[in-house]
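As provided, entry-v3.cif (mmCIF, C-alpha atoms and all ligand atoms) reads as follows.
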data_my_file
loop_
_atom_site.label_atom_id
_atom_site.label_comp_id
_atom_site.auth_asym_id
_atom_site.auth_seq_id
_atom_site.Cartn_x
_atom_site.Cartn_y
_atom_site.Cartn_z
CA MET D 1 71.40 96.49 97.89
CA ASN D 2 73.10 99.08 95.66
CA GLU D 3 75.70 98.21 93.00
CA THR D 4 78.67 99.41 95.10
CA ILE D 5 77.67 97.27 98.07
CA LYS D 6 77.08 94.28 95.76
CA LEU D 7 80.55 94.73 94.26
CA LEU D 8 82.21 95.01 97.68
CA ARG D 9 80.41 91.91 98.92
CA ASN D 10 81.38 89.91 95.86
CA HIS D 11 85.16 90.29 96.32
CA ARG D 12 87.54 87.36 96.02
CA SER D 13 91.29 87.27 95.38
CA VAL D 14 92.22 85.83 91.98
CA ARG D 15 95.42 83.82 91.45
CA ASP D 16 94.69 82.40 87.99
CA PHE D 17 94.93 84.89 85.12
CA ASP D 18 94.42 84.80 81.36
CA ILE D 19 97.97 85.37 80.13
CA GLU D 20 96.75 86.38 76.66
CA LYS D 21 94.73 89.41 77.84
CA ASP D 22 96.31 92.76 78.59
CA VAL D 23 95.20 95.55 80.91
CA SER D 24 95.62 98.91 79.19
CA GLU D 25 97.60 101.90 80.39
CA ALA D 26 94.34 103.90 80.44
CA GLN D 27 92.70 101.30 82.70
CA ILE D 28 95.59 101.48 85.20
CA GLU D 29 95.46 105.28 85.20
CA THR D 30 91.70 105.19 85.83
CA ILE D 31 92.19 102.77 88.73
CA ILE D 32 94.97 104.78 90.38
CA GLU D 33 93.29 108.14 89.90
CA ALA D 34 90.16 106.73 91.55
CA ALA D 35 92.18 105.12 94.34
CA LEU D 36 94.07 108.31 95.15
CA ALA D 37 90.90 110.41 95.18
CA GLY D 38 90.19 108.92 98.62
CA PRO D 39 90.89 110.44 102.02
CA ASN D 40 94.51 110.69 103.14
CA TRP D 41 96.38 112.05 106.16
CA ILE D 42 96.51 115.94 106.19
CA ASN D 43 96.37 115.75 102.38
CA GLY D 44 100.05 114.83 102.58
CA GLN D 45 99.34 112.04 100.05
CA GLN D 46 101.88 109.66 101.53
CA VAL D 47 101.47 107.07 98.75
CA SER D 48 103.24 106.35 95.48
CA VAL D 49 102.43 103.43 93.19
CA ILE D 50 104.98 101.84 90.87
CA GLU D 51 103.51 100.13 87.80
CA VAL D 52 105.57 97.16 86.62
CA ARG D 53 104.90 95.40 83.30
CA GLU D 54 108.31 94.39 82.03
CA SER D 55 108.47 90.58 82.26
CA GLU D 56 112.03 90.14 83.54
CA ARG D 57 111.45 92.75 86.21
CA LYS D 58 108.16 91.06 87.21
CA ALA D 59 109.92 87.66 87.35
CA ALA D 60 112.57 89.02 89.73
CA LEU D 61 109.89 90.55 91.94
CA ALA D 62 107.74 87.39 91.84
CA LYS D 63 110.73 85.41 93.14
CA ALA D 64 111.47 87.98 95.87
CA ALA D 65 107.84 87.89 97.01
CA GLY D 66 108.10 84.13 97.68
CA ASN D 67 107.75 82.66 94.17
CA GLN D 68 104.22 83.89 93.57
CA ARG D 69 103.66 82.84 89.96
CA TRP D 70 100.54 85.00 89.46
CA ILE D 71 102.82 88.06 89.54
CA GLU D 72 104.46 86.78 86.36
CA GLU D 73 101.26 85.60 84.72
CA ALA D 74 99.18 88.77 85.10
CA PRO D 75 100.10 91.74 82.88
CA VAL D 76 100.51 94.31 85.66
CA LEU D 77 101.99 94.47 89.13
CA LEU D 78 101.34 97.68 91.05
CA VAL D 79 103.57 98.30 94.06
CA PHE D 80 101.98 100.51 96.72
CA CYS D 81 104.58 102.40 98.74
CA ILE D 82 104.55 104.61 101.81
CA ASP D 83 106.07 107.81 100.46
CA PHE D 84 107.49 110.52 102.74
CA TYR D 85 110.03 111.66 100.12
CA ARG D 86 107.75 114.50 98.98
CA ALA D 87 107.20 115.49 102.63
CA LYS D 88 110.98 115.70 103.01
CA LEU D 89 111.13 118.05 100.00
CA ALA D 90 108.32 120.11 101.56
CA ALA D 91 110.39 120.38 104.77
CA GLU D 92 113.45 121.49 102.77
CA LYS D 93 111.44 124.01 100.77
CA ASN D 94 110.06 125.54 103.98
CA GLY D 95 113.19 125.34 106.12
CA ALA D 96 111.51 123.01 108.64
CA ASP D 97 112.98 120.04 110.53
CA PHE D 98 111.87 116.70 109.12
CA ARG D 99 111.07 114.87 112.36
CA ILE D 100 108.08 112.67 111.53
CA VAL D 101 110.28 109.83 110.23
CA GLU D 102 111.80 109.46 113.72
CA ASP D 103 108.42 108.34 115.05
CA LEU D 104 106.36 105.17 114.54
CA GLU D 105 103.55 107.56 113.54
CA ALA D 106 105.14 107.80 110.07
CA ILE D 107 104.58 104.07 109.53
CA MET D 108 101.03 104.30 110.89
CA ILE D 109 100.21 107.30 108.69
CA GLY D 110 101.77 105.75 105.60
CA SER D 111 100.24 102.31 106.15
CA THR D 112 96.78 103.81 106.62
CA ASP D 113 97.11 105.89 103.45
CA VAL D 114 98.37 102.86 101.52
CA GLY D 115 95.59 100.68 102.93
CA ILE D 116 92.89 103.09 101.83
CA ALA D 117 94.44 103.51 98.37
CA LEU D 118 94.95 99.77 97.94
CA GLY D 119 91.39 98.99 98.98
CA SER D 120 89.99 101.58 96.60
CA ALA D 121 92.18 100.28 93.75
CA VAL D 122 90.81 96.78 94.42
CA ILE D 123 87.24 98.01 94.08
CA ALA D 124 88.00 100.15 91.03
CA ALA D 125 89.68 97.19 89.27
CA GLU D 126 86.91 94.75 90.19
CA SER D 127 84.27 97.22 88.98
CA MET D 128 85.98 97.01 85.56
CA GLY D 129 85.69 93.20 85.53
CA LEU D 130 89.37 92.70 86.36
CA GLY D 131 90.78 90.25 88.91
CA ILE D 132 93.23 91.21 91.64
CA VAL D 133 95.36 89.82 94.43
CA PRO D 134 97.33 91.97 96.89
CA ILE D 135 100.97 90.98 97.48
CA GLY D 136 102.10 91.59 101.06
CA GLY D 137 104.62 88.80 100.42
CA LEU D 138 106.91 91.46 98.98
CA ARG D 139 107.93 92.27 102.57
CA ARG D 140 109.72 88.90 102.68
CA ASN D 141 112.41 90.68 100.65
CA PRO D 142 111.60 94.39 100.56
CA GLN D 143 115.22 95.31 99.79
CA THR D 144 114.90 93.63 96.37
CA PHE D 145 111.86 95.84 95.67
CA VAL D 146 113.77 98.93 96.84
CA ASP D 147 116.69 98.04 94.54
CA VAL D 148 114.74 96.92 91.46
CA LEU D 149 112.27 99.83 91.65
CA LYS D 150 114.96 102.35 92.69
CA LEU D 151 112.95 103.58 95.66
CA PRO D 152 114.60 106.63 97.29
CA GLU D 153 114.94 107.34 101.02
CA TYR D 154 111.65 107.68 102.93
CA VAL D 155 109.85 105.38 100.47
CA PHE D 156 108.98 101.82 101.53
CA PRO D 157 106.91 99.17 99.66
CA ILE D 158 103.95 97.92 101.69
CA SER D 159 102.00 95.76 99.25
CA GLY D 160 101.78 94.82 95.63
CA LEU D 161 98.55 94.49 93.68
CA VAL D 162 98.44 92.05 90.79
CA ILE D 163 95.84 92.99 88.17
CA GLY D 164 94.69 90.96 85.19
CA HIS D 165 91.77 89.22 83.51
CA PRO D 166 90.63 86.28 85.64
CA ARG D 167 90.72 82.80 84.11
CA ASN D 168 89.26 81.13 87.17
CA VAL D 169 87.52 82.87 90.04
CA PRO D 170 87.41 80.90 93.33
CA GLU D 171 84.40 80.54 95.58
CA GLN D 172 84.13 83.39 98.04
CA LYS D 173 86.03 82.92 101.29
CA PRO D 174 83.63 83.19 104.24
CA ARG D 175 84.32 85.93 106.78
CA LEU D 176 83.95 85.92 110.53
CA PRO D 177 80.37 86.68 111.55
CA LEU D 178 79.58 90.32 112.17
CA LYS D 179 79.04 89.72 115.90
CA ALA D 180 82.83 89.07 116.18
CA THR D 181 83.99 92.08 114.21
CA LEU D 182 81.31 94.75 114.71
CA LEU D 183 81.13 95.39 118.44
CA LYS D 184 78.46 97.62 119.88
CA GLU D 185 79.65 100.43 122.12
CA GLN D 186 82.36 98.39 123.88
CA TYR D 187 84.60 95.40 123.15
CA ASP D 188 83.56 92.06 124.70
CA PRO D 189 86.50 89.61 124.66
CA LYS D 190 84.37 86.79 126.15
CA ILE D 191 82.43 86.16 122.94
CA GLN D 192 85.43 85.59 120.68
CA MET D 193 86.58 82.03 121.45
CA GLU D 194 83.21 80.46 120.78
CA ILE D 195 82.95 82.30 117.48
CA ILE D 196 86.45 81.12 116.54
CA ASP D 197 85.44 77.50 117.25
CA GLN D 198 82.51 77.83 114.84
CA TYR D 199 84.50 79.74 112.23
CA ASP D 200 87.23 77.06 112.31
CA GLN D 201 84.63 74.57 111.11
CA THR D 202 83.38 76.94 108.41
CA ILE D 203 86.88 77.51 107.03
CA SER D 204 87.84 73.85 107.29
CA SER D 205 84.84 72.86 105.10
CA TYR D 206 85.52 75.76 102.71
CA MET D 207 89.17 74.72 102.30
CA ALA D 208 88.27 71.02 101.81
CA GLU D 209 85.88 71.99 99.02
CA ARG D 210 88.25 74.51 97.41
CA THR D 211 91.17 72.04 97.35
CA LYS D 212 89.06 68.96 96.54
CA GLY D 213 89.89 67.40 99.90
CA LYS D 214 93.66 68.06 99.84
CA ASP D 215 93.59 70.71 102.58
CA SER D 216 90.97 70.96 105.31
CA SER D 217 92.97 73.15 107.67
CA ASN D 218 91.06 75.59 109.81
CA TRP D 219 91.40 79.34 110.45
CA SER D 220 92.96 79.37 113.93
CA SER D 221 95.71 76.86 113.04
CA LYS D 222 96.68 78.87 109.96
CA ILE D 223 96.79 82.17 111.85
CA ALA D 224 98.58 80.63 114.86
CA HIS D 225 101.32 79.09 112.72
CA PHE D 226 101.85 82.21 110.63
CA TYR D 227 102.27 84.38 113.71
CA ASP D 228 104.59 81.77 115.23
CA THR D 229 107.15 80.68 112.63
CA GLY D 230 105.42 81.70 109.36
CA PHE D 231 106.50 85.33 109.52
CA GLU D 232 110.20 84.62 110.18
CA GLN D 233 111.34 85.98 106.84
CA TYR D 234 109.31 89.16 107.34
CA GLU D 235 110.78 89.48 110.84
CA LYS D 236 114.29 89.14 109.44
CA ASN D 237 113.96 91.47 106.44
CA SER D 238 111.11 93.94 106.84
CA SER D 239 112.15 96.33 109.63
CA PRO D 240 115.84 96.43 108.62
CA THR D 241 114.78 97.71 105.19
CA VAL D 242 112.33 100.17 106.77
CA LYS D 243 115.27 101.52 108.80
CA LYS D 244 117.54 101.55 105.76
CA GLN D 245 114.97 103.69 103.97
CA ARG D 246 115.58 106.12 106.87
CA PHE D 247 112.45 105.61 108.93
CA GLN D 248 114.26 105.86 112.28
CA TYR D 249 111.55 105.19 114.90
CA LYS D 250 112.72 103.46 118.10
C1 LIG S 1 97.77 93.57 102.43
C2 LIG S 1 97.47 92.21 101.86
C3 LIG S 1 98.52 91.42 101.43
C4 LIG S 1 98.26 90.18 100.86
N1 LIG S 1 99.31 89.44 100.38
C5 LIG S 1 99.09 88.31 99.67
C6 LIG S 1 100.17 87.63 99.04
O1 LIG S 1 101.35 88.02 99.14
N2 LIG S 1 99.86 86.56 98.29
C7 LIG S 1 98.60 86.08 98.14
O2 LIG S 1 98.41 85.10 97.44
N3 LIG S 1 97.54 86.70 98.74
C8 LIG S 1 97.76 87.82 99.49
N4 LIG S 1 96.71 88.50 100.05
C9 LIG S 1 95.33 88.01 99.85
C10 LIG S 1 94.74 87.40 101.12
O3 LIG S 1 95.33 86.15 101.36
C11 LIG S 1 93.22 87.27 100.93
O4 LIG S 1 92.67 88.57 100.78
C12 LIG S 1 92.54 86.57 102.11
O5 LIG S 1 92.96 85.23 102.20
C13 LIG S 1 91.03 86.59 101.94
O6 LIG S 1 90.68 85.94 100.72
P1 LIG S 1 89.84 86.71 99.60
O7 LIG S 1 90.57 87.98 99.26
O8 LIG S 1 89.77 85.79 98.42
O9 LIG S 1 88.51 86.99 100.19
C14 LIG S 1 96.94 89.71 100.70
C15 LIG S 1 95.89 90.51 101.17
C16 LIG S 1 96.15 91.74 101.74
C17 LIG S 1 95.01 92.60 102.21
#
Go ahead and express the file in the form of C-alpha cells.
Amino acid sequence: MNETIKLLRNHRSVRDFDIEKDVSEAQIETIIEAALAGPNWINGQQVSVIEVRESERKAALAKAAGNQRWIEEAPVLLVFCIDFYRAKLAAEKNGADFRIVEDLEAIMIGSTDVGIALGSAVIAAESMGLGIVPIGGLRRNPQTFVDVLKLPEYVFPISGLVIGHPRNVPEQKPRLPLKATLLKEQYDPKIQMEIIDQYDQTISSYMAERTKGKDSSNWSSKIAHFYDTGFEQYEKNSSPTVKKQRFQYK
C-alpha cells in the first residue's frame, strides 16, 4: 500500500484540539494551493475559501453552526464557498447573459467543486500531521456566515473545515462494506437491507466503545432521525439563504 492510500485509509475527524498550538499562515496556504490544484468544472474554479482566525469571529460562527466548540478551540476555521461571483464578472466582461444561476446545475457544479477541494484540503492537512473536522453545520444558519464573512451575491458557504493540532484522535469509524458501495456494472437494491442490518451492529458496538457505554445507537436510526426531524433547521434556513445570494433555480 503506498503512502497516499495509507493516509486516506487512516482518516478520522478530530474534535479535540491542542489550544496552545498554532497552524501557520504558510501551512494554510500550502493546504489551499494543493486543494485548488484539483479538477474543477470547465476550469471555472467555482470555489473560494475564507480563512477565519480572529477569536470573536470564530465564536460567533461556532454558535451559528450549532455551538460546535471545536471551531473555537482550533486555531483556524476555513469556510468553503460555492463562488459564481467571478463567473458573473466574466459574463459582464464579455457581454454575455448570466443564466447559470437560474438553474439547479449551478448548485451541483459548485457543490462538486467544493467537495473536491474540501476533500483534497483534508488530505493535505492530514499529511502534515494536522487534525480536521468539516463543518456542514454552518448551513443551520448560513445567513450568519454570509453576514459575518461579507459574502457577495452568487457566493454561498457549503462547509467549514476546522484545522488544528489534535489532542485526542478517536478510533476510526467503520465504513459500510465495499459490496454495498462499490457496485459492479449495475445497481442491485436487493443486497442493501441485509448489509444495513449487519452495519447497524458494527456501528452500535463502535459507538458503545467510543462513548464508554453511554451511546450504543446504530447507523440506520441515526440516519433515519436526521432525515426526519434532524434537518429541520437546515430546511428552514439553507435554501432561503441560497436564494438570497441570488441562486434563482426553481
Ligand atoms: C460535508 C461534511 C460536513 C460535516 N459537518 C460536520 C459538522 O458540522 N460537525 C461535525 O462534528 N462533524 C461534521 N462532519 C464530520 C462527519 O460527521 C464525519 O466525517 C463522519 O461521521 C465520519 O466520521 P470520520 O470522519 O471520523 O470518519 C462533516 C463531514 C462532512 C463530509
At most 10 Å is the cut-off: for each residue in chain D with any atom that close to an atom of ligand LIG 1 (chain S), write down the nearest atom pair and the distance in Å rounded to one decimal, counting all atoms listed in the file, chain first then increasing number, as a Markdown table.
| residue | atom | partner | partner_atom | distance |
| --- | --- | --- | --- | --- |
| D:Arg9 | CA | S:LIG1 | O9 | 9.6 |
| D:Asn10 | CA | S:LIG1 | O9 | 8.8 |
| D:His11 | CA | S:LIG1 | O9 | 6.1 |
| D:Arg12 | CA | S:LIG1 | O8 | 3.6 |
| D:Ser13 | CA | S:LIG1 | O8 | 3.7 |
| D:Val14 | CA | S:LIG1 | O8 | 6.9 |
| D:Arg15 | CA | S:LIG1 | O2 | 6.8 |
| D:Ala62 | CA | S:LIG1 | O1 | 9.7 |
| D:Ala65 | CA | S:LIG1 | O1 | 6.8 |
| D:Gly66 | CA | S:LIG1 | O1 | 7.9 |
| D:Asn67 | CA | S:LIG1 | O1 | 9.7 |
| D:Gln68 | CA | S:LIG1 | N2 | 7.0 |
| D:Arg69 | CA | S:LIG1 | O2 | 9.4 |
| D:Trp70 | CA | S:LIG1 | O2 | 8.3 |
| D:Ile71 | CA | S:LIG1 | N2 | 9.4 |
| D:Phe80 | CA | S:LIG1 | C1 | 9.9 |
| D:Ser111 | CA | S:LIG1 | C1 | 9.8 |
| D:Val114 | CA | S:LIG1 | C1 | 9.4 |
| D:Gly115 | CA | S:LIG1 | C1 | 7.5 |
| D:Leu118 | CA | S:LIG1 | C1 | 8.2 |
| D:Gly119 | CA | S:LIG1 | C17 | 8.0 |
| D:Val122 | CA | S:LIG1 | C17 | 9.8 |
| D:Ile132 | CA | S:LIG1 | O7 | 8.7 |
| D:Val133 | CA | S:LIG1 | C9 | 5.7 |
| D:Pro134 | CA | S:LIG1 | C14 | 4.4 |
| D:Ile135 | CA | S:LIG1 | O1 | 3.4 |
| D:Gly136 | CA | S:LIG1 | N1 | 3.6 |
| D:Gly137 | CA | S:LIG1 | O1 | 3.6 |
| D:Leu138 | CA | S:LIG1 | O1 | 6.5 |
| D:Arg139 | CA | S:LIG1 | O1 | 8.6 |
| D:Arg140 | CA | S:LIG1 | O1 | 9.1 |
| D:Ile158 | CA | S:LIG1 | C1 | 7.6 |
| D:Ser159 | CA | S:LIG1 | C1 | 5.7 |
| D:Gly160 | CA | S:LIG1 | C3 | 7.5 |
| D:Leu161 | CA | S:LIG1 | C3 | 8.3 |
| D:Val162 | CA | S:LIG1 | N2 | 9.4 |
| D:Val169 | CA | S:LIG1 | O8 | 9.2 |
| D:Pro170 | CA | S:LIG1 | O8 | 7.4 |
| D:Glu171 | CA | S:LIG1 | O8 | 8.0 |
| D:Gln172 | CA | S:LIG1 | O9 | 6.1 |
| D:Lys173 | CA | S:LIG1 | O9 | 4.9 |
| D:Pro174 | CA | S:LIG1 | O9 | 7.4 |
| D:Arg175 | CA | S:LIG1 | O9 | 7.9 |
Residues of segment 85-193 of chain D at most 7 Å from segment 37-58 of chain D: nearest atom pair and distance in Å, only C-alpha atoms, as a Markdown table:
| residue | atom | partner | partner_atom | distance |
| --- | --- | --- | --- | --- |
| D:Ile109 | CA | D:Trp41 | CA | 6.6 |
| D:Gly110 | CA | D:Gln46 | CA | 5.6 |
| D:Asp113 | CA | D:Asn40 | CA | 5.5 |
| D:Val114 | CA | D:Val47 | CA | 5.9 |
| D:Ala117 | CA | D:Gly38 | CA | 6.9 |
ask   = At most 12 Å from (79.3, 92.7, 118.8), file frame, all atoms listed in the file: which residues, as a list of chain:residue names?
value =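 Protein, DNA and RNA residues close to (79.3, 92.7, 118.8): D:Leu176, D:Pro177, D:Leu178, D:Lys179, D:Ala180, D:Thr181, D:Leu182, D:Leu183, D:Lys184, D:Glu185, D:Gln186, D:Tyr187, D:Asp188, D:Pro189, D:Lys190, D:Ile191, D:Gln192, D:Ile195.
Considering the residues D:Glu29, D:Glu3, D:Glu235, D:Glu153 and counting all atoms listed in the file, Cys81 of chain D has its shortest atom-to-atom contact with D:Glu153.
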query = Looking at only C-alpha atoms, which of D:Tyr199, D:Met1, D:Phe247, D:Ile19 is the one that sits closest to Phe98 of chain D?
reply =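 That would be D:Phe247, the residue with the smallest distance to Phe98 of chain D.
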task = Go through D:Thr211, D:Asn237, D:Ser220, D:Gln245 one by one, measure the shortest atom-to-atom distance of each to Glu194 of chain D using all atoms listed in the file, and give the residue with the smallest value.
result =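 The shortest atom-to-atom distance to Glu194 of chain D comes from D:Ser220.
Atom to atom, atom CA of Ile123 of chain D and atom CA of Leu8 of chain D stand 6.9 Å apart.
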ask   = Between atom CA of Ile116 of chain D and atom CA of Lys6 of chain D, what is the spacing in Å?
value =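 Between atom CA of Lys6 of chain D and atom CA of Ile116 of chain D the gap is 19.1 Å.
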remark   = note - atom CA of Gln248 of chain D and atom CA of Leu78 of chain D are separated by 26.2 Å
task = Point out the residue among D:Thr112, D:Glu72, D:Glu105, D:Val155 with the least atom-to-atom distance to Arg86 of chain D, counting all atoms listed in the file.
result = D:Val155
